[in-house]
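Student: If it helps, the file is called my_file-v7.pdb and holds PDB, C-alpha atoms and all ligand atoms:
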MODEL        1
ATOM      1  CA  MET A 420       0.000   0.000   0.000  1.00  0.00           C
ATOM      2  CA  THR A 421       2.888   2.337   0.613  1.00  0.00           C
ATOM      3  CA  ALA A 422       3.826   1.920  -3.088  1.00  0.00           C
ATOM      4  CA  ASP A 423       1.367   4.766  -3.763  1.00  0.00           C
ATOM      5  CA  ILE A 424       3.601   6.972  -1.700  1.00  0.00           C
ATOM      6  CA  ARG A 425       7.002   5.397  -2.214  1.00  0.00           C
ATOM      7  CA  THR A 426       7.191   5.365  -6.011  1.00  0.00           C
ATOM      8  CA  PRO A 427       6.523   9.070  -6.738  1.00  0.00           C
ATOM      9  CA  LEU A 428       8.545  10.264  -3.767  1.00  0.00           C
ATOM     10  CA  LEU A 429      11.583   8.139  -4.471  1.00  0.00           C
ATOM     11  CA  ALA A 430      11.562   9.148  -8.129  1.00  0.00           C
ATOM     12  CA  GLU A 431      11.977  12.763  -7.042  1.00  0.00           C
ATOM     13  CA  LEU A 432      14.269  12.287  -4.049  1.00  0.00           C
ATOM     14  CA  ASP A 433      16.603  10.024  -6.031  1.00  0.00           C
ATOM     15  CA  ARG A 434      16.914  12.777  -8.625  1.00  0.00           C
ATOM     16  CA  TRP A 435      17.796  15.262  -5.869  1.00  0.00           C
ATOM     17  CA  GLN A 436      20.411  12.841  -4.566  1.00  0.00           C
ATOM     18  CA  ALA A 437      21.901  12.284  -8.030  1.00  0.00           C
ATOM     19  CA  ASN A 438      22.309  16.053  -8.268  1.00  0.00           C
ATOM     20  CA  GLY A 439      23.904  16.377  -4.851  1.00  0.00           C
ATOM     21  CA  ARG A 440      20.941  18.332  -3.488  1.00  0.00           C
ATOM     22  CA  ILE A 441      19.041  18.126  -0.178  1.00  0.00           C
ATOM     23  CA  ALA A 442      15.284  18.787  -0.035  1.00  0.00           C
ATOM     24  CA  CYS A 443      14.128  20.495   3.159  1.00  0.00           C
ATOM     25  CA  PHE A 444      10.809  19.329   4.641  1.00  0.00           C
ATOM     26  CA  TRP A 445       8.982  20.755   7.656  1.00  0.00           C
ATOM     27  CA  LEU A 446       5.865  19.774   9.587  1.00  0.00           C
ATOM     28  CA  ARG A 447       3.263  22.239  10.868  1.00  0.00           C
ATOM     29  CA  ASP A 448       0.406  20.918  12.969  1.00  0.00           C
ATOM     30  CA  ASP A 449      -2.409  23.327  13.864  1.00  0.00           C
ATOM     31  CA  ASP A 450      -4.914  23.908  16.681  1.00  0.00           C
ATOM     32  CA  ALA A 451      -3.232  22.396  19.752  1.00  0.00           C
ATOM     33  CA  VAL A 452      -4.463  23.835  23.059  1.00  0.00           C
ATOM     34  CA  LYS A 453      -3.998  21.031  25.580  1.00  0.00           C
ATOM     35  CA  PRO A 454      -2.583  17.509  25.889  1.00  0.00           C
ATOM     36  CA  THR A 455      -4.851  14.971  24.197  1.00  0.00           C
ATOM     37  CA  GLU A 456      -4.593  11.425  22.938  1.00  0.00           C
ATOM     38  CA  PRO A 457      -4.129  12.535  19.307  1.00  0.00           C
ATOM     39  CA  LEU A 458      -1.371  14.946  20.365  1.00  0.00           C
ATOM     40  CA  ASP A 459       0.299  12.097  22.208  1.00  0.00           C
ATOM     41  CA  ARG A 460       0.110  10.043  19.057  1.00  0.00           C
ATOM     42  CA  LEU A 461       1.656  12.842  16.998  1.00  0.00           C
ATOM     43  CA  MET A 462       4.448  13.345  19.506  1.00  0.00           C
ATOM     44  CA  ASP A 463       5.179   9.604  19.620  1.00  0.00           C
ATOM     45  CA  LEU A 464       5.242   9.333  15.854  1.00  0.00           C
ATOM     46  CA  THR A 465       7.490  12.348  15.313  1.00  0.00           C
ATOM     47  CA  ARG A 466       9.829  11.255  18.100  1.00  0.00           C
ATOM     48  CA  ARG A 467      10.129   7.780  16.576  1.00  0.00           C
ATOM     49  CA  TYR A 468      11.414   9.290  13.324  1.00  0.00           C
ATOM     50  CA  ALA A 469      13.166  12.313  14.870  1.00  0.00           C
ATOM     51  CA  VAL A 470      10.967  14.667  12.858  1.00  0.00           C
ATOM     52  CA  PRO A 471      10.665  18.149  14.397  1.00  0.00           C
ATOM     53  CA  ALA A 472       7.095  19.433  14.665  1.00  0.00           C
ATOM     54  CA  THR A 473       5.893  23.014  14.859  1.00  0.00           C
ATOM     55  CA  LEU A 474       2.629  23.240  16.758  1.00  0.00           C
ATOM     56  CA  ALA A 475       0.479  26.259  15.884  1.00  0.00           C
ATOM     57  CA  VAL A 476      -1.124  26.803  19.311  1.00  0.00           C
ATOM     58  CA  ILE A 477      -4.277  28.891  19.879  1.00  0.00           C
ATOM     59  CA  PRO A 478      -3.176  31.384  22.561  1.00  0.00           C
ATOM     60  CA  GLU A 479      -6.474  32.312  24.215  1.00  0.00           C
ATOM     61  CA  CYS A 480      -7.450  28.677  24.749  1.00  0.00           C
ATOM     62  CA  THR A 481      -4.184  27.322  26.117  1.00  0.00           C
ATOM     63  CA  GLY A 482      -2.119  27.472  29.280  1.00  0.00           C
ATOM     64  CA  GLN A 483       0.338  25.792  31.585  1.00  0.00           C
ATOM     65  CA  GLU A 484      -1.028  22.283  31.073  1.00  0.00           C
ATOM     66  CA  LEU A 485       0.184  22.077  27.471  1.00  0.00           C
ATOM     67  CA  ALA A 486       3.433  23.830  28.357  1.00  0.00           C
ATOM     68  CA  ASN A 487       4.155  21.215  31.039  1.00  0.00           C
ATOM     69  CA  TYR A 488       3.333  18.431  28.622  1.00  0.00           C
ATOM     70  CA  LEU A 489       5.662  19.771  25.899  1.00  0.00           C
ATOM     71  CA  GLN A 490       8.521  20.521  28.253  1.00  0.00           C
ATOM     72  CA  ASP A 491      10.222  17.150  27.712  1.00  0.00           C
ATOM     73  CA  LYS A 492       9.589  17.202  23.956  1.00  0.00           C
ATOM     74  CA  PRO A 493      12.417  19.343  22.625  1.00  0.00           C
ATOM     75  CA  MET A 494      11.631  18.426  19.007  1.00  0.00           C
ATOM     76  CA  ALA A 495       8.405  20.410  19.290  1.00  0.00           C
ATOM     77  CA  SER A 496       8.313  24.160  18.776  1.00  0.00           C
ATOM     78  CA  VAL A 497       5.344  26.468  19.305  1.00  0.00           C
ATOM     79  CA  ALA A 498       4.055  29.153  16.913  1.00  0.00           C
ATOM     80  CA  VAL A 499       1.179  31.629  17.350  1.00  0.00           C
ATOM     81  CA  HIS A 500      -2.123  30.510  15.824  1.00  0.00           C
ATOM     82  CA  GLY A 501      -4.011  33.821  15.832  1.00  0.00           C
ATOM     83  CA  TRP A 502      -5.649  34.585  19.173  1.00  0.00           C
ATOM     84  CA  SER A 503      -8.880  32.646  19.747  1.00  0.00           C
ATOM     85  CA  HIS A 504      -9.531  31.003  16.333  1.00  0.00           C
ATOM     86  CA  LYS A 505     -12.838  32.850  16.197  1.00  0.00           C
ATOM     87  CA  ASN A 506     -14.385  33.595  12.816  1.00  0.00           C
ATOM     88  CA  HIS A 507     -15.204  37.281  12.259  1.00  0.00           C
ATOM     89  CA  ALA A 508     -16.071  37.000   8.558  1.00  0.00           C
ATOM     90  CA  GLY A 509     -19.619  37.139   7.235  1.00  0.00           C
ATOM     91  CA  GLU A 510     -21.710  34.094   6.493  1.00  0.00           C
ATOM     92  CA  ASN A 511     -20.938  33.997   2.783  1.00  0.00           C
ATOM     93  CA  GLU A 512     -17.249  34.706   3.188  1.00  0.00           C
ATOM     94  CA  LYS A 513     -14.331  32.394   3.797  1.00  0.00           C
ATOM     95  CA  LYS A 514     -13.597  32.073   7.513  1.00  0.00           C
ATOM     96  CA  GLN A 515     -11.118  34.553   8.961  1.00  0.00           C
ATOM     97  CA  GLU A 516     -10.023  35.667  12.383  1.00  0.00           C
ATOM     98  CA  LEU A 517      -7.405  38.190  11.250  1.00  0.00           C
ATOM     99  CA  GLY A 518      -9.323  39.724   8.347  1.00  0.00           C
ATOM    100  CA  ALA A 519     -10.431  43.292   7.677  1.00  0.00           C
ATOM    101  CA  HIS A 520     -13.716  42.854   9.558  1.00  0.00           C
ATOM    102  CA  ARG A 521     -12.645  44.683  12.701  1.00  0.00           C
ATOM    103  CA  PRO A 522     -10.542  47.785  13.438  1.00  0.00           C
ATOM    104  CA  ILE A 523      -6.908  46.989  12.686  1.00  0.00           C
ATOM    105  CA  GLU A 524      -5.889  48.083  16.224  1.00  0.00           C
ATOM    106  CA  ASP A 525      -8.096  45.392  17.753  1.00  0.00           C
ATOM    107  CA  VAL A 526      -6.641  42.671  15.547  1.00  0.00           C
ATOM    108  CA  ILE A 527      -3.074  43.847  16.152  1.00  0.00           C
ATOM    109  CA  ALA A 528      -3.692  43.844  19.925  1.00  0.00           C
ATOM    110  CA  GLU A 529      -4.743  40.187  19.694  1.00  0.00           C
ATOM    111  CA  ILE A 530      -1.766  39.215  17.540  1.00  0.00           C
ATOM    112  CA  ASP A 531       0.480  40.965  20.074  1.00  0.00           C
ATOM    113  CA  GLY A 532      -1.251  39.275  23.009  1.00  0.00           C
ATOM    114  CA  GLY A 533      -0.859  35.846  21.413  1.00  0.00           C
ATOM    115  CA  PHE A 534       2.868  36.395  20.932  1.00  0.00           C
ATOM    116  CA  LYS A 535       3.397  37.490  24.537  1.00  0.00           C
ATOM    117  CA  HIS A 536       1.257  34.740  26.075  1.00  0.00           C
ATOM    118  CA  LEU A 537       3.018  31.909  24.227  1.00  0.00           C
ATOM    119  CA  GLN A 538       6.485  33.411  24.570  1.00  0.00           C
ATOM    120  CA  ALA A 539       5.990  33.452  28.349  1.00  0.00           C
ATOM    121  CA  LEU A 540       4.684  29.863  28.419  1.00  0.00           C
ATOM    122  CA  TYR A 541       7.483  28.498  26.181  1.00  0.00           C
ATOM    123  CA  PRO A 542      10.811  30.167  26.999  1.00  0.00           C
ATOM    124  CA  GLN A 543      12.690  27.402  25.125  1.00  0.00           C
ATOM    125  CA  GLN A 544      10.252  26.284  22.445  1.00  0.00           C
ATOM    126  CA  PHE A 545       8.589  29.487  21.270  1.00  0.00           C
ATOM    127  CA  THR A 546       9.168  30.461  17.664  1.00  0.00           C
ATOM    128  CA  PRO A 547       8.110  34.011  16.690  1.00  0.00           C
ATOM    129  CA  VAL A 548       6.000  32.987  13.711  1.00  0.00           C
ATOM    130  CA  LEU A 549       2.356  33.893  13.080  1.00  0.00           C
ATOM    131  CA  VAL A 550       0.113  31.169  11.678  1.00  0.00           C
ATOM    132  CA  PRO A 551      -3.208  32.893  10.912  1.00  0.00           C
ATOM    133  CA  PRO A 552      -6.262  30.688  11.507  1.00  0.00           C
ATOM    134  CA  TRP A 553      -7.642  29.393   8.190  1.00  0.00           C
ATOM    135  CA  ASN A 554      -4.331  30.573   6.683  1.00  0.00           C
ATOM    136  CA  ARG A 555      -5.770  34.019   6.005  1.00  0.00           C
ATOM    137  CA  ILE A 556      -4.727  37.496   7.144  1.00  0.00           C
ATOM    138  CA  ALA A 557      -5.623  40.952   5.787  1.00  0.00           C
ATOM    139  CA  ALA A 558      -2.659  42.498   3.955  1.00  0.00           C
ATOM    140  CA  PRO A 559      -2.517  45.724   6.058  1.00  0.00           C
ATOM    141  CA  MET A 560      -1.748  43.690   9.202  1.00  0.00           C
ATOM    142  CA  LEU A 561       1.459  42.295   7.725  1.00  0.00           C
ATOM    143  CA  ALA A 562       3.451  45.522   7.968  1.00  0.00           C
ATOM    144  CA  GLU A 563       2.762  45.594  11.729  1.00  0.00           C
ATOM    145  CA  LEU A 564       4.155  42.141  12.465  1.00  0.00           C
ATOM    146  CA  PRO A 565       7.915  42.873  12.545  1.00  0.00           C
ATOM    147  CA  GLY A 566       7.298  45.632  15.103  1.00  0.00           C
ATOM    148  CA  LEU A 567       5.549  43.124  17.379  1.00  0.00           C
ATOM    149  CA  GLY A 568       8.557  40.791  17.266  1.00  0.00           C
ATOM    150  CA  TYR A 569       7.340  38.350  14.629  1.00  0.00           C
ATOM    151  CA  ARG A 570      10.093  37.035  12.391  1.00  0.00           C
ATOM    152  CA  ALA A 571       7.989  35.139   9.852  1.00  0.00           C
ATOM    153  CA  LEU A 572       4.491  34.387   8.619  1.00  0.00           C
ATOM    154  CA  SER A 573       3.226  30.915   7.730  1.00  0.00           C
ATOM    155  CA  VAL A 574       0.107  30.311   5.645  1.00  0.00           C
ATOM    156  CA  PHE A 575      -0.729  27.780   2.918  1.00  0.00           C
ATOM    157  CA  GLY A 576       0.333  27.773  -0.734  1.00  0.00           C
ATOM    158  CA  PRO A 577       3.007  29.583  -2.720  1.00  0.00           C
ATOM    159  CA  GLU A 578       4.980  32.151  -0.705  1.00  0.00           C
ATOM    160  CA  LYS A 579       4.196  35.791  -1.518  1.00  0.00           C
ATOM    161  CA  ALA A 580       6.852  38.442  -0.858  1.00  0.00           C
ATOM    162  CA  GLY A 581       5.915  40.869   1.906  1.00  0.00           C
ATOM    163  CA  PRO A 582       7.249  42.858   4.845  1.00  0.00           C
ATOM    164  CA  LEU A 583       8.539  39.742   6.605  1.00  0.00           C
ATOM    165  CA  PRO A 584       9.781  36.284   5.580  1.00  0.00           C
ATOM    166  CA  VAL A 585       7.105  33.752   4.634  1.00  0.00           C
ATOM    167  CA  ILE A 586       7.560  30.024   5.341  1.00  0.00           C
ATOM    168  CA  ASN A 587       4.426  28.283   4.117  1.00  0.00           C
ATOM    169  CA  THR A 588       2.909  24.856   4.110  1.00  0.00           C
ATOM    170  CA  HIS A 589       2.240  23.433   0.642  1.00  0.00           C
ATOM    171  CA  VAL A 590       0.484  20.113   1.095  1.00  0.00           C
ATOM    172  CA  ASP A 591      -2.567  19.650   3.350  1.00  0.00           C
ATOM    173  CA  LEU A 592      -3.070  16.169   4.732  1.00  0.00           C
ATOM    174  CA  MET A 593      -6.819  16.593   5.153  1.00  0.00           C
ATOM    175  CA  ASP A 594      -9.700  16.895   2.688  1.00  0.00           C
ATOM    176  CA  TRP A 595     -11.574  19.762   4.362  1.00  0.00           C
ATOM    177  CA  HIS A 596     -14.132  20.434   1.668  1.00  0.00           C
ATOM    178  CA  GLY A 597     -15.068  16.865   0.834  1.00  0.00           C
ATOM    179  CA  THR A 598     -14.786  13.880   3.165  1.00  0.00           C
ATOM    180  CA  ARG A 599     -13.114  15.749   6.069  1.00  0.00           C
ATOM    181  CA  ARG A 600     -10.829  12.733   6.277  1.00  0.00           C
ATOM    182  CA  ALA A 601      -7.278  12.272   5.027  1.00  0.00           C
ATOM    183  CA  ARG A 602      -6.813  12.836   1.302  1.00  0.00           C
ATOM    184  CA  ALA A 603      -5.927   9.817  -0.837  1.00  0.00           C
ATOM    185  CA  HIS A 604      -2.340   8.713  -0.248  1.00  0.00           C
ATOM    186  CA  SER A 605      -1.570   8.725  -3.973  1.00  0.00           C
ATOM    187  CA  GLU A 606      -2.803  12.326  -4.287  1.00  0.00           C
ATOM    188  CA  LEU A 607      -0.789  13.459  -1.301  1.00  0.00           C
ATOM    189  CA  ALA A 608       2.349  11.792  -2.632  1.00  0.00           C
ATOM    190  CA  SER A 609       1.943  13.315  -6.077  1.00  0.00           C
ATOM    191  CA  ASP A 610       1.406  16.768  -4.523  1.00  0.00           C
ATOM    192  CA  ILE A 611       4.615  16.367  -2.532  1.00  0.00           C
ATOM    193  CA  ALA A 612       6.470  15.207  -5.649  1.00  0.00           C
ATOM    194  CA  ARG A 613       5.123  18.234  -7.545  1.00  0.00           C
ATOM    195  CA  ARG A 614       6.311  20.551  -4.793  1.00  0.00           C
ATOM    196  CA  LEU A 615       9.744  18.881  -4.912  1.00  0.00           C
ATOM    197  CA  ARG A 616       9.920  19.520  -8.661  1.00  0.00           C
ATOM    198  CA  GLN A 617       9.142  23.210  -8.057  1.00  0.00           C
ATOM    199  CA  MET A 618      11.736  23.409  -5.284  1.00  0.00           C
ATOM    200  CA  PHE A 619      14.326  21.819  -7.526  1.00  0.00           C
ATOM    201  CA  GLU A 620      13.992  24.845  -9.832  1.00  0.00           C
ATOM    202  CA  THR A 621      13.174  27.685  -7.458  1.00  0.00           C
ATOM    203  CA  GLY A 622      14.370  26.607  -3.985  1.00  0.00           C
ATOM    204  CA  GLY A 623      12.193  26.736  -0.861  1.00  0.00           C
ATOM    205  CA  THR A 624      10.881  24.078   1.476  1.00  0.00           C
ATOM    206  CA  MET A 625       8.185  21.405   1.446  1.00  0.00           C
ATOM    207  CA  GLY A 626       5.760  22.295   4.248  1.00  0.00           C
ATOM    208  CA  LEU A 627       3.303  19.601   5.310  1.00  0.00           C
ATOM    209  CA  LEU A 628       0.152  20.745   7.104  1.00  0.00           C
ATOM    210  CA  ALA A 629      -1.426  18.423   9.682  1.00  0.00           C
ATOM    211  CA  HIS A 630      -4.269  18.760  12.231  1.00  0.00           C
ATOM    212  CA  HIS A 631      -3.782  16.040  14.850  1.00  0.00           C
ATOM    213  CA  LEU A 632      -7.231  16.536  16.416  1.00  0.00           C
ATOM    214  CA  VAL A 633      -9.089  15.412  13.282  1.00  0.00           C
ATOM    215  CA  HIS A 634      -6.761  12.741  11.866  1.00  0.00           C
ATOM    216  CA  ASP A 635      -8.394   9.475  10.876  1.00  0.00           C
ATOM    217  CA  GLU A 636      -6.399   6.239  10.577  1.00  0.00           C
ATOM    218  CA  GLN A 637      -5.534   7.044   6.946  1.00  0.00           C
ATOM    219  CA  ALA A 638      -3.957  10.305   8.031  1.00  0.00           C
ATOM    220  CA  TRP A 639      -1.805   8.605  10.669  1.00  0.00           C
ATOM    221  CA  ALA A 640      -0.838   5.878   8.207  1.00  0.00           C
ATOM    222  CA  PHE A 641       0.239   8.461   5.657  1.00  0.00           C
ATOM    223  CA  LEU A 642       2.427  10.308   8.156  1.00  0.00           C
ATOM    224  CA  ASP A 643       3.996   7.053   9.287  1.00  0.00           C
ATOM    225  CA  ALA A 644       4.788   5.969   5.715  1.00  0.00           C
ATOM    226  CA  LEU A 645       6.012   9.415   4.675  1.00  0.00           C
ATOM    227  CA  PHE A 646       8.346   9.670   7.665  1.00  0.00           C
ATOM    228  CA  GLU A 647       9.638   6.155   7.089  1.00  0.00           C
ATOM    229  CA  ILE A 648      10.453   6.812   3.434  1.00  0.00           C
ATOM    230  CA  THR A 649      11.849  10.316   3.783  1.00  0.00           C
ATOM    231  CA  THR A 650      13.882   9.996   6.983  1.00  0.00           C
ATOM    232  CA  GLN A 651      15.835   7.120   5.438  1.00  0.00           C
ATOM    233  CA  HIS A 652      16.581   9.065   2.277  1.00  0.00           C
ATOM    234  CA  PRO A 653      19.887  10.944   2.109  1.00  0.00           C
ATOM    235  CA  ALA A 654      18.372  13.719  -0.040  1.00  0.00           C
ATOM    236  CA  CYS A 655      15.687  14.637   2.515  1.00  0.00           C
ATOM    237  CA  ARG A 656      16.102  16.669   5.688  1.00  0.00           C
ATOM    238  CA  TRP A 657      13.257  17.410   8.125  1.00  0.00           C
ATOM    239  CA  LYS A 658      13.959  20.781   9.707  1.00  0.00           C
ATOM    240  CA  SER A 659      12.412  22.644  12.602  1.00  0.00           C
ATOM    241  CA  LEU A 660      10.995  26.113  12.119  1.00  0.00           C
ATOM    242  CA  PRO A 661      13.435  27.582  14.684  1.00  0.00           C
ATOM    243  CA  ASP A 662      16.299  26.084  12.646  1.00  0.00           C
ATOM    244  CA  MET A 663      14.980  27.606   9.471  1.00  0.00           C
ATOM    245  CA  LEU A 664      14.794  31.005  11.191  1.00  0.00           C
ATOM    246  CA  GLY A 665      18.306  30.584  12.546  1.00  0.00           C
ATOM    247  CA  GLN A 666      16.962  30.720  16.132  1.00  0.00           C
ATOM    248  CA  ARG A 667      19.153  27.889  17.382  1.00  0.00           C
TER     249      ARG A 667
HETATM  250 ZN    ZN U 701      -6.497  26.350  12.908  1.00  0.00          ZN
ENDMDL
END
Output the file's structure in the form of structure tokens.
Ligand SMILES: [Zn+2]
Tutor:
Amino acid sequence: MTADIRTPLLAELDRWQANGRIACFWLRDDDAVKPTEPLDRLMDLTRRYAVPATLAVIPECTGQELANYLQDKPMASVAVHGWSHKNHAGENEKKQELGAHRPIEDVIAEIDGGFKHLQALYPQQFTPVLVPPWNRIAAPMLAELPGLGYRALSVFGPEKAGPLPVINTHVDLMDWHGTRRARAHSELASDIARRLRQMFETGGTMGLLAHHLVHDEQAWAFLDALFEITTQHPACRWKSLPDMLGQR
């Protein structure tokens, strides 16, 4: 069954190896607020393969309990997932917390509060990166981020140049609009291979987006197979977000 994943990935990674190149992968997992069984499963899986994970944590909903839990998991880093993951967009609009629906000062105050709350909870593991809920943020907010201490933005899709570095995710494990389960393994693998082909020409990283709280067995199986294939391949390196920012 892993042939669906193995064949397209190895075709690409072998080409990288033949050209003396290393492809950088990173894992972002969204919506953590407290220790749960699925988070345990994610932490076990990533530890088994020594894959660093960046957890986009929702500041308003989290506290010391998660911080205590993550303390002995140095491979995990924590980024700011908006403030409360509340939707302020209208009924017929795409969901947004950090959109242009409220005065910019109010949104900036939340983005600032999220930074400070998580930085205090995670003196070692905090990474000053904003992950807007639903991967959307109104453009005028971006110019404010460096002044608040943010060093990068992470959304989904191709990186767009802006006032601060952008380190995106490119492949989403879940099928949000259809089954709300994991996407087909063959589709996921061909999306990753496509991203690797782009990176071969233009540089950049391969960001995988996960949501531990809603993973079905297919999602876990994909992660397991992907980690197994890629961590054994000399042309693949899983990096942490702090490493990519030069924090450590
Ligand atoms: Zn989210």
Student: Which residues, named as in the file, does the PyMOL selection byres (((chain A and resi 577) around 9) and not hetatm) pick out? Answer as a PyMOL selection string.
Tutor: chain A and resi 574-576+578-579+587-589
Student: Hey, which of A:Glu636, A:Glu647, A:Asp662, A:Glu620 ends up closest to Ala469 in chain A? Count all atoms listed in the file.
Tutor: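 Checking each of A:Glu636, A:Glu647, A:Asp662, A:Glu620 against Ala469 in chain A, counting all atoms listed in the file, the winner is A:Glu647.
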Student: Convert the output of the PyMOL selection byres (((not hetatm)) within 7 of (chain U and resi 701)) on the shown file into explicit residues, formatted as a list in words.
Tutor: Asp449, Asp450, His500, His504, Pro552 and Trp553 of chain A
Student: Please write the residues picked by the PyMOL selection byres (((chain A and resi 571) around 6) and not hetatm) on this file as a short mmCIF file (atom, residue, chain, number, x, y, z; two decimals) with C-alpha atoms, keeping the file's coordinate frame.
Tutor:
data_model
loop_
_atom_site.label_atom_id
_atom_site.label_comp_id
_atom_site.auth_asym_id
_atom_site.auth_seq_id
_atom_site.Cartn_x
_atom_site.Cartn_y
_atom_site.Cartn_z
CA VAL A 548 6.00 32.99 13.71
CA TYR A 569 7.34 38.35 14.63
CA ARG A 570 10.09 37.03 12.39
CA LEU A 572 4.49 34.39 8.62
CA LEU A 583 8.54 39.74 6.60
CA PRO A 584 9.78 36.28 5.58
CA VAL A 585 7.10 33.75 4.63
#
Student: Measuring atom to atom with all atoms listed in the file, identify which of A:Val452, A:Ala539, A:Ala498, A:Met560 is nearest to Ala472 in chain A.
Tutor: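 Looking at the shortest contact to Ala472 in chain A, the residue is A:Ala498.
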Student: Could you write range 460-508 of chain A of the block just shown to a file containing C-alpha atoms, as a tab-separated table (two decimals), in the first residue's frame?
Tutor:
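New file out-v7.tsv:
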chain	number	residue	atom	x	y	z
A	460	ARG	CA	0.11	10.04	19.06
A	461	LEU	CA	1.66	12.84	17.00
A	462	MET	CA	4.45	13.35	19.51
A	463	ASP	CA	5.18	9.60	19.62
A	464	LEU	CA	5.24	9.33	15.85
A	465	THR	CA	7.49	12.35	15.31
A	466	ARG	CA	9.83	11.26	18.10
A	467	ARG	CA	10.13	7.78	16.58
A	468	TYR	CA	11.41	9.29	13.32
A	469	ALA	CA	13.17	12.31	14.87
A	470	VAL	CA	10.97	14.67	12.86
A	471	PRO	CA	10.66	18.15	14.40
A	472	ALA	CA	7.09	19.43	14.67
A	473	THR	CA	5.89	23.01	14.86
A	474	LEU	CA	2.63	23.24	16.76
A	475	ALA	CA	0.48	26.26	15.88
A	476	VAL	CA	-1.12	26.80	19.31
A	477	ILE	CA	-4.28	28.89	19.88
A	478	PRO	CA	-3.18	31.38	22.56
A	479	GLU	CA	-6.47	32.31	24.22
A	480	CYS	CA	-7.45	28.68	24.75
A	481	THR	CA	-4.18	27.32	26.12
A	482	GLY	CA	-2.12	27.47	29.28
A	483	GLN	CA	0.34	25.79	31.59
A	484	GLU	CA	-1.03	22.28	31.07
A	485	LEU	CA	0.18	22.08	27.47
A	486	ALA	CA	3.43	23.83	28.36
A	487	ASN	CA	4.15	21.21	31.04
A	488	TYR	CA	3.33	18.43	28.62
A	489	LEU	CA	5.66	19.77	25.90
A	490	GLN	CA	8.52	20.52	28.25
A	491	ASP	CA	10.22	17.15	27.71
A	492	LYS	CA	9.59	17.20	23.96
A	493	PRO	CA	12.42	19.34	22.63
A	494	MET	CA	11.63	18.43	19.01
A	495	ALA	CA	8.41	20.41	19.29
A	496	SER	CA	8.31	24.16	18.78
A	497	VAL	CA	5.34	26.47	19.30
A	498	ALA	CA	4.06	29.15	16.91
A	499	VAL	CA	1.18	31.63	17.35
A	500	HIS	CA	-2.12	30.51	15.82
A	501	GLY	CA	-4.01	33.82	15.83
A	502	TRP	CA	-5.65	34.58	19.17
A	503	SER	CA	-8.88	32.65	19.75
A	504	HIS	CA	-9.53	31.00	16.33
A	505	LYS	CA	-12.84	32.85	16.20
A	506	ASN	CA	-14.39	33.60	12.82
A	507	HIS	CA	-15.20	37.28	12.26
A	508	ALA	CA	-16.07	37.00	8.56
